[in-house]
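The structure under discussion appears below in the form of structure tokens.
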Amino acid sequence: MNNSLERPIKLGRISYTNAWPVFHHFDPTILPFQTEIHADMPATLNRKLRAGDIDMAAISSYAYGISSESYYLLPNLSVSSLGRVQSILLFLKSPLEKVIHGKIALTITSATSVNLLKIIMEKFYGGKPTYEDAEPSLEKMLENADAALLIGDHAIRASWENKGYRVLDLGEVWNVWTGRWMTYALWAVHKNTAQRYPEAINLIYEGLLESKRKSSRDLEPIVSKAMSQIGGTSQYWHNYYQNLCHDFGPEHKAGLQLYFQYARELGLMSEEVELLELPSPRVADNLPNRR
Ligand SMILES: C=C(O[C@@H]1C=C(C(=O)O)C=C[C@H]1O)C(=O)O
């Protein structure tokens with residue numbers, strides 16, 4: 001490929017630790033073209049990708065679902081869990097029976113989990129709470145709400161500082177009710193960027209896959225980084241990363257399609273979602289008649 005493109009490829013990186021395995025060993029400086037990394041909270045990346053301010057990103061699976069016609073998925077990349085996730089937590093100030101008809105403060109950093117919470121509250125528990133968006137700060141959120149939803153490192157830190165609130169792990173609740181995997185984030189690229197710069201997008205994709213592979217072979221580098229940047233013990237982070245899965249196979253897709261179905265039933269999204277993946281690079285290049 002040419003040594004440069006006419007512009008940098010803009011890549012969004014989720015700042016939370018849950019996505020580190022896919023980014024940690026990815027070094028964009030070795031690529032034969034310019035990239036620009038945008039590190040941000042999921043909800044901000046969802047908006048930037050939607051607006052075309054960035055070309056590709058890890059985004060909320062819900063945000064992918066409501067705009068899937070514009071994107072390709074990067075195959076076999078996700079943030080998923082079968083059961084407990086440890087970083088998508090509802091902190092209850094009031095008893096659950098009151099919470100399901102009370103007021104719940106929702107972190108503004110999420111899209112998947114706020115809608116997962118609505119599915120749990122309304123479809124599984126038969127409640128109808130009111131919701132209020134809030135900055136991710138537990139004590140402030142609970143000043144005038146019965147419960148508060150936090151995700152990512154905000155949830156992890158709050159769980160360490162928890163002053164006795166009951167906590168629901170939404171990954172666990174989802175799994176108890178459905179028996180399925182839950183997928184919180186996916187990697188998406190704008191179809192037009194992928195069509196215009198197929199080789200560049202594929203090189204970035206290969207770099208992300210390689211990072212995931214290296215991280216799964218040896219968790220130590222990201223565990224040490226998490227301990228120094230966030231705190232906690234080595235055992236905590238090993239356990240956290242072992243509970244998360246960054247693949248996206250048939251069982252993850254089945255869980256996500258059930259989430260999308262429930263979201264449609266509650267009027268949280270309208271269209272069916274086709275999980276359309278980035279076409280594999282030039283299958284034709286490997287054919288013998290192409291010289
Ligand atoms: C596991 C997590 O997955 C995430 C949850 C997201 C959401 O709720 O929209 C988006 C991206 C991921 O950061 C987490 O944040 O703890």
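Order determines the names: the first chain of the structure tokens is A, the second B, and so forth; residues in each chain are numbered 1 upward, and ligands are numbered 1 upward as they are shown.
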
Margin query: Which residues are near ligand 1 in this structure, taking near to mean any atom at most 7 Å from a ligand atom and counting only C-alpha atoms and all ligand atoms? Format them as a VMD selection string.
Written below: chain A and resid 14 16 18 to 19 42 to 43 59 to 62 79 to 80 85 87 to 88 109 to 114 151 to 153 184 to 185

Those same residues - N, CA and C atoms - I'd like them written as a PDB file, in the first residue's frame.
ATOM      1  N   ILE A  14     -11.892   3.158  24.124  1.00  0.00           N
ATOM      2  CA  ILE A  14     -12.588   3.288  25.415  1.00  0.00           C
ATOM      3  C   ILE A  14     -11.545   3.427  26.521  1.00  0.00           C
ATOM      4  N   TYR A  16     -11.916   3.023  29.733  1.00  0.00           N
ATOM      5  CA  TYR A  16     -12.067   2.089  30.849  1.00  0.00           C
ATOM      6  C   TYR A  16     -11.169   0.861  30.700  1.00  0.00           C
ATOM      7  N   ASN A  18     -11.858  -2.180  31.010  1.00  0.00           N
ATOM      8  CA  ASN A  18     -12.450  -3.368  30.385  1.00  0.00           C
ATOM      9  C   ASN A  18     -11.989  -3.567  28.937  1.00  0.00           C
ATOM     10  N   ALA A  19     -11.610  -2.473  28.277  1.00  0.00           N
ATOM     11  CA  ALA A  19     -11.214  -2.576  26.861  1.00  0.00           C
ATOM     12  C   ALA A  19      -9.692  -2.666  26.682  1.00  0.00           C
ATOM     13  N   PRO A  42     -17.377   5.564  26.716  1.00  0.00           N
ATOM     14  CA  PRO A  42     -18.161   4.957  25.637  1.00  0.00           C
ATOM     15  C   PRO A  42     -19.214   5.897  25.029  1.00  0.00           C
ATOM     16  N   ALA A  43     -19.993   6.593  25.865  1.00  0.00           N
ATOM     17  CA  ALA A  43     -21.079   7.428  25.312  1.00  0.00           C
ATOM     18  C   ALA A  43     -20.531   8.523  24.396  1.00  0.00           C
ATOM     19  N   ILE A  59     -17.407   0.857  20.680  1.00  0.00           N
ATOM     20  CA  ILE A  59     -18.606   1.609  21.093  1.00  0.00           C
ATOM     21  C   ILE A  59     -19.560   0.684  21.851  1.00  0.00           C
ATOM     22  N   SER A  60     -20.561   1.289  22.480  1.00  0.00           N
ATOM     23  CA  SER A  60     -21.600   0.509  23.161  1.00  0.00           C
ATOM     24  C   SER A  60     -22.316  -0.371  22.137  1.00  0.00           C
ATOM     25  N   SER A  61     -22.604  -1.623  22.505  1.00  0.00           N
ATOM     26  CA  SER A  61     -23.300  -2.506  21.559  1.00  0.00           C
ATOM     27  C   SER A  61     -24.689  -1.934  21.220  1.00  0.00           C
ATOM     28  N   TYR A  62     -25.306  -1.226  22.172  1.00  0.00           N
ATOM     29  CA  TYR A  62     -26.602  -0.581  21.892  1.00  0.00           C
ATOM     30  C   TYR A  62     -26.437   0.491  20.804  1.00  0.00           C
ATOM     31  N   VAL A  79     -16.635  -6.689  24.132  1.00  0.00           N
ATOM     32  CA  VAL A  79     -16.491  -6.815  25.594  1.00  0.00           C
ATOM     33  C   VAL A  79     -17.762  -7.528  26.055  1.00  0.00           C
ATOM     34  N   SER A  80     -17.603  -8.768  26.528  1.00  0.00           N
ATOM     35  CA  SER A  80     -18.756  -9.607  26.885  1.00  0.00           C
ATOM     36  C   SER A  80     -18.504 -10.319  28.208  1.00  0.00           C
ATOM     37  N   VAL A  85     -19.980  -9.366  35.735  1.00  0.00           N
ATOM     38  CA  VAL A  85     -19.032  -8.567  34.960  1.00  0.00           C
ATOM     39  C   VAL A  85     -18.193  -7.704  35.900  1.00  0.00           C
ATOM     40  N   SER A  87     -18.297  -4.683  36.715  1.00  0.00           N
ATOM     41  CA  SER A  87     -18.146  -3.252  36.463  1.00  0.00           C
ATOM     42  C   SER A  87     -19.410  -2.649  35.843  1.00  0.00           C
ATOM     43  N   ILE A  88     -20.529  -3.353  35.949  1.00  0.00           N
ATOM     44  CA  ILE A  88     -21.804  -2.754  35.534  1.00  0.00           C
ATOM     45  C   ILE A  88     -22.748  -2.999  36.696  1.00  0.00           C
ATOM     46  N   THR A 109     -22.147   7.963  31.018  1.00  0.00           N
ATOM     47  CA  THR A 109     -21.052   7.412  30.205  1.00  0.00           C
ATOM     48  C   THR A 109     -21.469   6.170  29.409  1.00  0.00           C
ATOM     49  N   SER A 110     -22.684   5.676  29.631  1.00  0.00           N
ATOM     50  CA  SER A 110     -23.094   4.376  29.079  1.00  0.00           C
ATOM     51  C   SER A 110     -24.251   4.483  28.092  1.00  0.00           C
ATOM     52  N   ALA A 111     -24.389   3.473  27.240  1.00  0.00           N
ATOM     53  CA  ALA A 111     -25.617   3.335  26.437  1.00  0.00           C
ATOM     54  C   ALA A 111     -26.167   1.911  26.573  1.00  0.00           C
ATOM     55  N   THR A 112     -25.279   0.907  26.446  1.00  0.00           N
ATOM     56  CA  THR A 112     -25.749  -0.478  26.563  1.00  0.00           C
ATOM     57  C   THR A 112     -26.369  -0.739  27.933  1.00  0.00           C
ATOM     58  N   SER A 113     -25.653  -0.346  28.972  1.00  0.00           N
ATOM     59  CA  SER A 113     -26.067  -0.755  30.323  1.00  0.00           C
ATOM     60  C   SER A 113     -27.313  -0.013  30.796  1.00  0.00           C
ATOM     61  N   VAL A 114     -27.499   1.242  30.359  1.00  0.00           N
ATOM     62  CA  VAL A 114     -28.722   1.934  30.782  1.00  0.00           C
ATOM     63  C   VAL A 114     -29.944   1.238  30.177  1.00  0.00           C
ATOM     64  N   ILE A 151     -20.861   2.318  35.504  1.00  0.00           N
ATOM     65  CA  ILE A 151     -20.169   1.297  34.700  1.00  0.00           C
ATOM     66  C   ILE A 151     -18.670   1.557  34.738  1.00  0.00           C
ATOM     67  N   GLY A 152     -17.925   0.585  34.191  1.00  0.00           N
ATOM     68  CA  GLY A 152     -16.489   0.742  33.998  1.00  0.00           C
ATOM     69  C   GLY A 152     -15.753   1.011  35.301  1.00  0.00           C
ATOM     70  N   ASP A 153     -14.693   1.821  35.207  1.00  0.00           N
ATOM     71  CA  ASP A 153     -13.836   2.057  36.380  1.00  0.00           C
ATOM     72  C   ASP A 153     -14.564   2.859  37.451  1.00  0.00           C
ATOM     73  N   TYR A 184     -21.409  -5.985  25.837  1.00  0.00           N
ATOM     74  CA  TYR A 184     -21.552  -4.570  26.204  1.00  0.00           C
ATOM     75  C   TYR A 184     -20.955  -3.629  25.156  1.00  0.00           C
ATOM     76  N   ALA A 185     -19.861  -4.070  24.523  1.00  0.00           N
ATOM     77  CA  ALA A 185     -19.197  -3.197  23.549  1.00  0.00           C
ATOM     78  C   ALA A 185     -18.766  -3.997  22.327  1.00  0.00           C
TER      79      ALA A 185
END

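Backbone DSSP assigns strand (DSSP E) in region 65-100 of chain A to A:Tyr71, A:Tyr72, A:Leu73, A:Leu74, A:Pro75, A:Asn76, A:Leu77, A:Ser78, A:Val79, A:Ser80, A:Ser81, A:Ile88, A:Leu89, A:Leu90, A:Phe91, A:Leu92.
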
Can I get the selected residues back with C-alpha atoms, as a compact mmCIF listing (two decimals), in the first residue's frame?
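Output file result28.txt follows:
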# COMPACT_ATOMS: atom_id res chain seq x y z
CA TYR A 71 -21.08 0.38 10.19
CA TYR A 72 -19.20 -2.86 9.72
CA LEU A 73 -18.29 -4.83 12.84
CA LEU A 74 -14.67 -5.84 13.34
CA PRO A 75 -15.08 -9.64 13.57
CA ASN A 76 -14.47 -11.48 16.83
CA LEU A 77 -13.96 -8.40 19.01
CA SER A 78 -16.26 -7.43 21.89
CA VAL A 79 -16.49 -6.82 25.59
CA SER A 80 -18.76 -9.61 26.89
CA SER A 81 -19.43 -11.68 29.99
CA ILE A 88 -21.80 -2.75 35.53
CA LEU A 89 -23.39 -2.22 38.90
CA LEU A 90 -26.64 -0.90 40.31
CA PHE A 91 -26.13 0.49 43.83
CA LEU A 92 -29.37 0.37 45.85

Margin query: So the first atom is CA of Tyr240 (chain A) and the second is CA of Tyr125 (chain A); what is the distance between them in Å, to one decimal place?
Written below: 27.2 Å

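Across the model, the gap from CA of Arg196 (chain A) to CA of Ser68 (chain A) is 18.4 Å.
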
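When CA of Thr35 (chain A) is paired with CA of Tyr205 (chain A), their separation reads 12.8 Å.
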
Item checked: Who sits within 12 Å of Val22 (chain A), only C-alpha atoms, same chain under 2 positions skipped, as number ranges by chain -> A: 13-20, 24-27, 57-58, 74, 76-79, 185-187, 204-216, 219, 222, 241, 244-247

Notebook entry, point to check: Near Trp174 (chain A), within 10 Å and counting only C-alpha atoms, which residues show up once chain neighbours fewer than 2 positions away are dropped, as a PyMOL selection string?
Noted result: chain A and resi 82-84+116-117+119-120+124+169-172+176-182+255+259

Can you spit out the residues from that selection as a compact mmCIF listing (two decimals), in the first residue's frame, using N, CA and C atoms?
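Below is the file part27.txt, written as the result:
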# COMPACT_ATOMS: atom_id res chain seq x y z
N LEU A 82 -20.27 -13.86 30.59
CA LEU A 82 -21.30 -14.85 30.86
C LEU A 82 -21.52 -14.80 32.37
N GLY A 83 -22.49 -13.97 32.78
CA GLY A 83 -22.70 -13.78 34.21
C GLY A 83 -21.99 -12.53 34.72
N ARG A 84 -21.50 -12.61 35.94
CA ARG A 84 -20.89 -11.45 36.61
C ARG A 84 -19.89 -10.72 35.73
N LEU A 116 -29.95 -2.01 29.25
CA LEU A 116 -30.01 -3.31 29.93
C LEU A 116 -30.74 -3.16 31.27
N LEU A 117 -30.45 -2.08 31.96
CA LEU A 117 -31.13 -1.83 33.25
C LEU A 117 -32.64 -1.68 33.04
N ILE A 119 -34.41 -3.01 30.66
CA ILE A 119 -34.94 -4.36 30.38
C ILE A 119 -35.12 -5.13 31.69
N ILE A 120 -34.12 -5.04 32.56
CA ILE A 120 -34.17 -5.78 33.83
C ILE A 120 -35.32 -5.24 34.71
N PHE A 124 -38.03 -7.90 33.34
CA PHE A 124 -37.79 -9.01 34.27
C PHE A 124 -38.51 -8.78 35.61
N ASP A 169 -25.21 -6.84 40.10
CA ASP A 169 -24.32 -6.93 38.95
C ASP A 169 -25.21 -7.27 37.74
N LEU A 170 -25.32 -6.33 36.79
CA LEU A 170 -26.31 -6.52 35.72
C LEU A 170 -25.97 -7.69 34.79
N GLY A 171 -24.68 -8.01 34.67
CA GLY A 171 -24.29 -9.17 33.87
C GLY A 171 -24.84 -10.44 34.49
N GLU A 172 -24.79 -10.48 35.81
CA GLU A 172 -25.27 -11.65 36.53
C GLU A 172 -26.80 -11.76 36.44
N VAL A 176 -28.88 -14.85 34.83
CA VAL A 176 -29.83 -15.64 35.62
C VAL A 176 -31.18 -15.72 34.90
N TRP A 177 -31.60 -14.62 34.27
CA TRP A 177 -32.92 -14.59 33.60
C TRP A 177 -32.93 -15.20 32.21
N THR A 178 -31.78 -15.16 31.53
CA THR A 178 -31.78 -15.60 30.12
C THR A 178 -30.88 -16.81 29.88
N GLY A 179 -29.93 -17.06 30.76
CA GLY A 179 -28.94 -18.11 30.53
C GLY A 179 -27.92 -17.73 29.47
N ARG A 180 -27.97 -16.47 29.00
CA ARG A 180 -27.13 -16.08 27.85
C ARG A 180 -25.94 -15.22 28.25
N TRP A 181 -25.04 -15.09 27.28
CA TRP A 181 -23.97 -14.09 27.34
C TRP A 181 -24.57 -12.70 27.18
N MET A 182 -23.86 -11.72 27.67
CA MET A 182 -24.23 -10.32 27.39
C MET A 182 -23.01 -9.64 26.79
N GLY A 255 -26.78 -13.97 22.45
CA GLY A 255 -27.13 -13.18 23.65
C GLY A 255 -27.45 -11.75 23.27
N TYR A 259 -30.95 -9.42 23.59
CA TYR A 259 -30.98 -8.07 24.19
C TYR A 259 -31.65 -7.09 23.22

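When only C-alpha atoms are used to compute distances to Thr183 (chain A), the closest of the residues A:Ala254, A:Ile54, A:Ile100, A:Ala145 turns out to be A:Ala254.
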
Note to self: For the structure I just gave you, how does DSSP split region 177-233 of chain A - specifically, which residues are alpha helix (DSSP H)? Reply as JSON, numbers by chain.
What the structure shows: {"A": [177, 178, 191, 192, 193, 194, 195, 196, 198, 199, 200, 201, 202, 203, 204, 205, 206, 207, 208, 209, 210, 211, 212, 213, 214, 215, 216, 217, 220, 221, 222, 223, 224, 225, 226, 227, 228, 229]}

Residues from the last selection, C-alpha atoms, saved as a PDB file, in the first residue's frame:
ATOM      1  CA  TRP A 177     -32.924 -14.592  33.600  1.00  0.00           C
ATOM      2  CA  THR A 178     -31.778 -15.601  30.121  1.00  0.00           C
ATOM      3  CA  LYS A 191     -18.676   1.434   5.908  1.00  0.00           C
ATOM      4  CA  ASN A 192     -17.443   4.301   3.726  1.00  0.00           C
ATOM      5  CA  THR A 193     -14.041   4.456   5.487  1.00  0.00           C
ATOM      6  CA  ALA A 194     -13.671   0.664   5.159  1.00  0.00           C
ATOM      7  CA  GLN A 195     -14.512   0.854   1.452  1.00  0.00           C
ATOM      8  CA  ARG A 196     -12.140   3.757   0.822  1.00  0.00           C
ATOM      9  CA  PRO A 198      -9.600  -1.319   3.066  1.00  0.00           C
ATOM     10  CA  GLU A 199      -5.916  -2.124   3.591  1.00  0.00           C
ATOM     11  CA  ALA A 200      -5.424   0.476   6.313  1.00  0.00           C
ATOM     12  CA  ILE A 201      -8.532  -0.645   8.185  1.00  0.00           C
ATOM     13  CA  ASN A 202      -7.410  -4.226   7.915  1.00  0.00           C
ATOM     14  CA  LEU A 203      -3.959  -3.431   9.306  1.00  0.00           C
ATOM     15  CA  ILE A 204      -5.542  -1.683  12.302  1.00  0.00           C
ATOM     16  CA  TYR A 205      -7.902  -4.637  12.767  1.00  0.00           C
ATOM     17  CA  GLU A 206      -4.981  -7.110  12.672  1.00  0.00           C
ATOM     18  CA  GLY A 207      -3.161  -4.980  15.263  1.00  0.00           C
ATOM     19  CA  LEU A 208      -6.160  -5.031  17.608  1.00  0.00           C
ATOM     20  CA  LEU A 209      -6.587  -8.810  17.210  1.00  0.00           C
ATOM     21  CA  GLU A 210      -2.904  -9.331  17.933  1.00  0.00           C
ATOM     22  CA  SER A 211      -3.202  -7.189  21.079  1.00  0.00           C
ATOM     23  CA  LYS A 212      -6.150  -9.318  22.238  1.00  0.00           C
ATOM     24  CA  ARG A 213      -4.135 -12.506  21.640  1.00  0.00           C
ATOM     25  CA  LYS A 214      -1.091 -11.214  23.530  1.00  0.00           C
ATOM     26  CA  SER A 215      -3.244 -10.058  26.454  1.00  0.00           C
ATOM     27  CA  SER A 216      -4.983 -13.420  26.723  1.00  0.00           C
ATOM     28  CA  ARG A 217      -1.610 -15.205  26.770  1.00  0.00           C
ATOM     29  CA  GLU A 220       0.440  -9.438  33.781  1.00  0.00           C
ATOM     30  CA  PRO A 221       1.178  -6.176  31.855  1.00  0.00           C
ATOM     31  CA  ILE A 222      -2.431  -4.935  31.996  1.00  0.00           C
ATOM     32  CA  VAL A 223      -2.892  -6.121  35.578  1.00  0.00           C
ATOM     33  CA  SER A 224       0.199  -4.103  36.659  1.00  0.00           C
ATOM     34  CA  LYS A 225      -0.995  -1.053  34.729  1.00  0.00           C
ATOM     35  CA  ALA A 226      -4.484  -1.314  36.299  1.00  0.00           C
ATOM     36  CA  MET A 227      -2.988  -1.624  39.795  1.00  0.00           C
ATOM     37  CA  SER A 228      -0.841   1.471  39.322  1.00  0.00           C
ATOM     38  CA  GLN A 229      -3.503   3.593  37.603  1.00  0.00           C
TER      39      GLN A 229
END

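When the distance limit is 8 Å and only C-alpha atoms are what count, the residues near Leu138 (chain A), minus those fewer than 5 positions from it on the same chain, are Ala148, Leu150 and Ala158 of chain A.
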
Check: Which residues come within 9 Å of Pro8 (chain A), counting only C-alpha atoms, excluding same-chain residues fewer than 6 positions away, as a PyMOL selection string?
Finding: chain A and resi 33-36

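Distances to Leu31 (chain A) were evaluated for A:Glu122, A:Asn144, A:Ile9, A:Leu45 using only C-alpha atoms, and the minimum falls at A:Ile9.
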
Next item on the list: Can you pull out every residue within 12 Å of Arg264 (chain A), counting only C-alpha atoms, but drop anything in the same chain fewer than 4 positions away, and send it as a PyMOL selection string?
Entry: chain A and resi 62+65-66+115-116+118-119+123+257-260+268-273

Could you write out that same residue set with C-alpha atoms as a CSV table (one decimal), in the first residue's frame?
chain,number,residue,atom,x,y,z
A,62,TYR,CA,-26.6,-0.6,21.9
A,65,GLY,CA,-27.6,-1.6,17.2
A,66,ILE,CA,-29.3,1.7,16.5
A,115,ASN,CA,-30.9,0.0,28.3
A,116,LEU,CA,-30.0,-3.3,29.9
A,118,LYS,CA,-34.5,-0.8,31.7
A,119,ILE,CA,-34.9,-4.4,30.4
A,123,LYS,CA,-39.3,-6.7,31.6
A,257,GLN,CA,-29.7,-10.5,19.6
A,258,LEU,CA,-31.9,-11.4,22.6
A,259,TYR,CA,-31.0,-8.1,24.2
A,260,PHE,CA,-31.9,-6.3,20.9
A,268,LEU,CA,-35.9,1.3,23.1
A,269,MET,CA,-34.9,0.6,19.5
A,270,SER,CA,-36.9,0.1,16.4
A,271,GLU,CA,-35.1,-2.0,13.7
A,272,GLU,CA,-33.9,-5.6,13.6
A,273,VAL,CA,-30.1,-5.6,13.6
